[in-house]
Amino acid sequence: MISGVRIRYDLGSDHPSVGRLSGNFALGDGDAETTLFDQMEDGRAVLVDATDGAASAIAARWDIFVRCVPGRGGPSLLIRPDACIAWAADGEDLAGLDAALTRWFGPAEISESRSPDEAKRNPGTV
């Protein structure tokens, strides 16, 4: 309990992973092996896409804030920069992904209008 791994924040989802802190795990396929925490080093959120690209296509509008990486099976996960799982879905279910991205990173229109340099200077603002 001291480490906080048993904490689950109420983020309005019934998925058992949402609201929990993510641990580090391997990502990639074959030669492009990396870990979740390696992908989070620059302070961006990570979308682990287990849908063969469908979730990444939705998250592309927030690419300044979210890095998309392929998943190795299991659920697709949107993991905030603080390692809290903000959205999760099993299989091809993408319900709620757009709403979660908007909740944490602002409307896509605002995200798209920012330059990459501006986002680096002020990553927490939309």
# chains A, B, ... in the order shown; residues from 1 in each chain; ligands from 1

$ select_by_dssp --residues "region 52-94 of chain A" --states "helix (DSSP H, G or I)" --output "short mmCIF file (atom, residue, chain, number, x, y, z; two decimals) with all heavy atoms, in the first residue's frame"
data_model
loop_
_atom_site.label_atom_id
_atom_site.label_comp_id
_atom_site.auth_asym_id
_atom_site.auth_seq_id
_atom_site.Cartn_x
_atom_site.Cartn_y
_atom_site.Cartn_z
N ALA A 54 -6.15 0.76 -35.47
CA ALA A 54 -7.40 1.54 -35.40
C ALA A 54 -7.35 2.57 -34.28
O ALA A 54 -7.77 3.71 -34.46
CB ALA A 54 -8.59 0.61 -35.22
N ALA A 55 -6.85 2.19 -33.11
CA ALA A 55 -6.75 3.14 -31.99
C ALA A 55 -5.73 4.23 -32.31
O ALA A 55 -5.94 5.40 -31.99
CB ALA A 55 -6.37 2.41 -30.70
N SER A 56 -4.62 3.87 -32.94
CA SER A 56 -3.60 4.86 -33.31
C SER A 56 -4.15 5.88 -34.29
O SER A 56 -3.77 7.05 -34.25
CB SER A 56 -2.38 4.17 -33.91
OG SER A 56 -1.74 3.37 -32.95
N ALA A 57 -5.02 5.45 -35.19
CA ALA A 57 -5.63 6.37 -36.14
C ALA A 57 -6.45 7.44 -35.43
O ALA A 57 -6.44 8.61 -35.81
CB ALA A 57 -6.48 5.60 -37.14
N ILE A 58 -7.15 7.05 -34.38
CA ILE A 58 -7.93 8.01 -33.60
C ILE A 58 -6.98 8.95 -32.85
O ILE A 58 -7.15 10.16 -32.84
CB ILE A 58 -8.87 7.30 -32.62
CG1 ILE A 58 -9.96 6.56 -33.39
CG2 ILE A 58 -9.48 8.29 -31.62
CD1 ILE A 58 -10.82 5.65 -32.54
N ALA A 59 -5.96 8.40 -32.21
CA ALA A 59 -5.04 9.19 -31.39
C ALA A 59 -4.10 10.07 -32.20
O ALA A 59 -3.46 10.96 -31.64
CB ALA A 59 -4.24 8.26 -30.49
N ALA A 60 -4.02 9.86 -33.50
CA ALA A 60 -3.11 10.65 -34.33
C ALA A 60 -3.39 12.14 -34.25
O ALA A 60 -2.48 12.96 -34.40
CB ALA A 60 -3.21 10.17 -35.79
N ARG A 61 -4.61 12.52 -33.96
CA ARG A 61 -4.95 13.95 -33.84
C ARG A 61 -4.32 14.59 -32.62
O ARG A 61 -4.25 15.80 -32.51
CB ARG A 61 -6.46 14.14 -33.82
CG ARG A 61 -7.11 13.67 -35.13
CD ARG A 61 -8.59 13.81 -35.09
NE ARG A 61 -9.11 13.15 -33.89
CZ ARG A 61 -10.38 13.13 -33.54
NH1 ARG A 61 -11.27 13.72 -34.27
NH2 ARG A 61 -10.76 12.51 -32.45
N TRP A 62 -3.85 13.78 -31.67
CA TRP A 62 -3.19 14.27 -30.46
C TRP A 62 -1.71 13.88 -30.45
O TRP A 62 -1.12 13.71 -29.40
CB TRP A 62 -3.88 13.69 -29.22
CG TRP A 62 -5.21 14.27 -28.93
CD1 TRP A 62 -5.47 15.37 -28.15
CD2 TRP A 62 -6.48 13.80 -29.36
NE1 TRP A 62 -6.82 15.61 -28.09
CE2 TRP A 62 -7.47 14.65 -28.83
CE3 TRP A 62 -6.88 12.74 -30.16
CZ2 TRP A 62 -8.82 14.48 -29.07
CZ3 TRP A 62 -8.23 12.56 -30.41
CH2 TRP A 62 -9.19 13.43 -29.86
#

$ residues_around --residues "Asp38 (chain A)" --least-positions-apart "6" --cutoff "10 Å" --atoms "only C-alpha atoms" --output "ChimeraX atom specification"
/A:24-27

$ select_by_dssp --residues "region 30-104 of chain A" --states "strand (DSSP E or B)" --output "number ranges by chain"
A: 34-35, 45-49, 66-70, 76-79, 84-89

$ write_last_selection --atoms "all heavy atoms" --output "compact mmCIF listing (two decimals), in the first residue's frame"
# COMPACT_ATOMS: atom_id res chain seq x y z
N THR A 34 11.45 -2.37 -26.98
CA THR A 34 11.58 -1.24 -26.07
C THR A 34 10.68 -1.51 -24.87
O THR A 34 10.03 -2.54 -24.81
CB THR A 34 11.21 0.09 -26.78
OG1 THR A 34 11.47 1.18 -25.90
CG2 THR A 34 9.76 0.11 -27.22
N THR A 35 10.63 -0.57 -23.93
CA THR A 35 9.75 -0.73 -22.78
C THR A 35 8.82 0.48 -22.69
O THR A 35 9.08 1.53 -23.28
CB THR A 35 10.53 -0.85 -21.46
OG1 THR A 35 11.18 0.40 -21.19
CG2 THR A 35 11.53 -1.98 -21.51
N ALA A 45 2.24 10.95 -23.20
CA ALA A 45 1.43 9.77 -22.91
C ALA A 45 1.73 8.71 -23.96
O ALA A 45 2.28 9.00 -25.02
CB ALA A 45 -0.05 10.14 -22.94
N VAL A 46 1.35 7.47 -23.65
CA VAL A 46 1.58 6.37 -24.59
C VAL A 46 0.25 5.64 -24.81
O VAL A 46 -0.46 5.32 -23.86
CB VAL A 46 2.63 5.38 -24.04
CG1 VAL A 46 2.73 4.15 -24.92
CG2 VAL A 46 3.99 6.07 -23.93
N LEU A 47 -0.06 5.40 -26.07
CA LEU A 47 -1.20 4.56 -26.42
C LEU A 47 -0.63 3.23 -26.91
O LEU A 47 0.06 3.18 -27.93
CB LEU A 47 -2.03 5.20 -27.53
CG LEU A 47 -3.18 4.31 -28.03
CD1 LEU A 47 -4.28 4.19 -26.99
CD2 LEU A 47 -3.74 4.82 -29.33
N VAL A 48 -0.88 2.21 -26.15
CA VAL A 48 -0.50 0.85 -26.56
C VAL A 48 -1.66 0.32 -27.38
O VAL A 48 -2.74 0.07 -26.84
CB VAL A 48 -0.21 -0.05 -25.33
CG1 VAL A 48 0.17 -1.45 -25.79
CG2 VAL A 48 0.89 0.57 -24.47
N ASP A 49 -1.45 0.18 -28.67
CA ASP A 49 -2.52 -0.15 -29.61
C ASP A 49 -2.50 -1.63 -29.95
O ASP A 49 -1.63 -2.10 -30.67
CB ASP A 49 -2.35 0.69 -30.87
CG ASP A 49 -3.48 0.53 -31.85
OD1 ASP A 49 -4.38 -0.31 -31.61
OD2 ASP A 49 -3.47 1.24 -32.88
N VAL A 66 0.64 12.37 -27.44
CA VAL A 66 0.51 10.92 -27.29
C VAL A 66 1.38 10.19 -28.31
O VAL A 66 1.29 10.46 -29.50
CB VAL A 66 -0.97 10.48 -27.47
CG1 VAL A 66 -1.10 8.98 -27.31
CG2 VAL A 66 -1.88 11.21 -26.50
N ARG A 67 2.18 9.27 -27.84
CA ARG A 67 2.98 8.40 -28.71
C ARG A 67 2.23 7.08 -28.84
O ARG A 67 1.84 6.48 -27.84
CB ARG A 67 4.35 8.15 -28.09
CG ARG A 67 5.16 7.11 -28.84
CD ARG A 67 6.54 6.92 -28.26
NE ARG A 67 7.35 8.06 -28.66
CZ ARG A 67 7.82 8.97 -27.81
NH1 ARG A 67 7.60 8.88 -26.52
NH2 ARG A 67 8.53 9.99 -28.24
N CYS A 68 2.03 6.61 -30.06
CA CYS A 68 1.34 5.35 -30.31
C CYS A 68 2.37 4.25 -30.59
O CYS A 68 3.28 4.45 -31.38
CB CYS A 68 0.40 5.48 -31.50
SG CYS A 68 -0.89 6.71 -31.26
N VAL A 69 2.20 3.15 -29.90
CA VAL A 69 3.08 2.00 -30.10
C VAL A 69 2.23 0.74 -30.25
O VAL A 69 1.15 0.65 -29.66
CB VAL A 69 4.08 1.82 -28.93
CG1 VAL A 69 5.03 3.01 -28.84
CG2 VAL A 69 3.37 1.64 -27.61
N PRO A 70 2.68 -0.22 -31.04
CA PRO A 70 1.89 -1.45 -31.20
C PRO A 70 1.90 -2.28 -29.94
O PRO A 70 2.90 -2.33 -29.22
CB PRO A 70 2.60 -2.17 -32.35
CG PRO A 70 3.97 -1.60 -32.41
CD PRO A 70 3.90 -0.21 -31.87
N SER A 76 -5.82 -2.71 -25.34
CA SER A 76 -5.23 -1.43 -25.74
C SER A 76 -5.30 -0.53 -24.53
O SER A 76 -6.29 -0.56 -23.77
CB SER A 76 -6.02 -0.81 -26.90
OG SER A 76 -5.89 -1.59 -28.06
N LEU A 77 -4.26 0.30 -24.33
CA LEU A 77 -4.18 1.14 -23.14
C LEU A 77 -3.74 2.55 -23.50
O LEU A 77 -2.80 2.72 -24.28
CB LEU A 77 -3.14 0.57 -22.15
CG LEU A 77 -3.30 -0.86 -21.68
CD1 LEU A 77 -2.04 -1.31 -20.96
CD2 LEU A 77 -4.50 -0.96 -20.76
N LEU A 78 -4.39 3.54 -22.91
CA LEU A 78 -3.91 4.92 -22.97
C LEU A 78 -3.32 5.21 -21.60
O LEU A 78 -4.02 5.21 -20.59
CB LEU A 78 -5.05 5.89 -23.27
CG LEU A 78 -4.67 7.38 -23.23
CD1 LEU A 78 -3.59 7.72 -24.26
CD2 LEU A 78 -5.90 8.26 -23.42
N ILE A 79 -2.01 5.43 -21.57
CA ILE A 79 -1.31 5.62 -20.31
C ILE A 79 -0.81 7.06 -20.24
O ILE A 79 -0.03 7.50 -21.09
CB ILE A 79 -0.14 4.62 -20.18
CG1 ILE A 79 -0.68 3.20 -20.34
CG2 ILE A 79 0.58 4.80 -18.86
CD1 ILE A 79 0.36 2.15 -20.55
N CYS A 84 -0.61 6.55 -15.06
CA CYS A 84 -1.98 6.14 -14.75
C CYS A 84 -2.69 5.74 -16.05
O CYS A 84 -2.59 6.44 -17.06
CB CYS A 84 -2.74 7.28 -14.08
SG CYS A 84 -4.41 6.83 -13.55
N ILE A 85 -3.36 4.62 -16.03
CA ILE A 85 -4.08 4.14 -17.21
C ILE A 85 -5.40 4.92 -17.31
O ILE A 85 -6.27 4.80 -16.46
CB ILE A 85 -4.33 2.63 -17.13
CG1 ILE A 85 -2.98 1.90 -17.06
CG2 ILE A 85 -5.16 2.15 -18.33
CD1 ILE A 85 -3.08 0.44 -16.76
N ALA A 86 -5.51 5.73 -18.35
CA ALA A 86 -6.65 6.62 -18.52
C ALA A 86 -7.77 6.00 -19.34
O ALA A 86 -8.91 6.44 -19.26
CB ALA A 86 -6.20 7.92 -19.20
N TRP A 87 -7.45 4.98 -20.13
CA TRP A 87 -8.44 4.30 -20.96
C TRP A 87 -7.91 2.91 -21.27
O TRP A 87 -6.70 2.72 -21.44
CB TRP A 87 -8.68 5.08 -22.25
CG TRP A 87 -9.53 4.37 -23.26
CD1 TRP A 87 -10.89 4.36 -23.32
CD2 TRP A 87 -9.07 3.55 -24.34
NE1 TRP A 87 -11.31 3.58 -24.39
CE2 TRP A 87 -10.20 3.08 -25.04
CE3 TRP A 87 -7.81 3.18 -24.80
CZ2 TRP A 87 -10.12 2.26 -26.15
CZ3 TRP A 87 -7.72 2.35 -25.90
CH2 TRP A 87 -8.87 1.90 -26.57
N ALA A 88 -8.78 1.94 -21.36
CA ALA A 88 -8.40 0.59 -21.74
C ALA A 88 -9.59 -0.08 -22.42
O ALA A 88 -10.74 0.22 -22.10
CB ALA A 88 -7.98 -0.22 -20.52
N ALA A 89 -9.28 -0.95 -23.36
CA ALA A 89 -10.33 -1.70 -24.04
C ALA A 89 -9.77 -3.02 -24.55
O ALA A 89 -8.60 -3.10 -24.94
CB ALA A 89 -10.90 -0.90 -25.20

$ closest_residue --among "A:Asp98, A:Glu109, A:Asp82, A:Glu92" --to "Leu21 (chain A)" --atoms "only C-alpha atoms"
A:Asp82
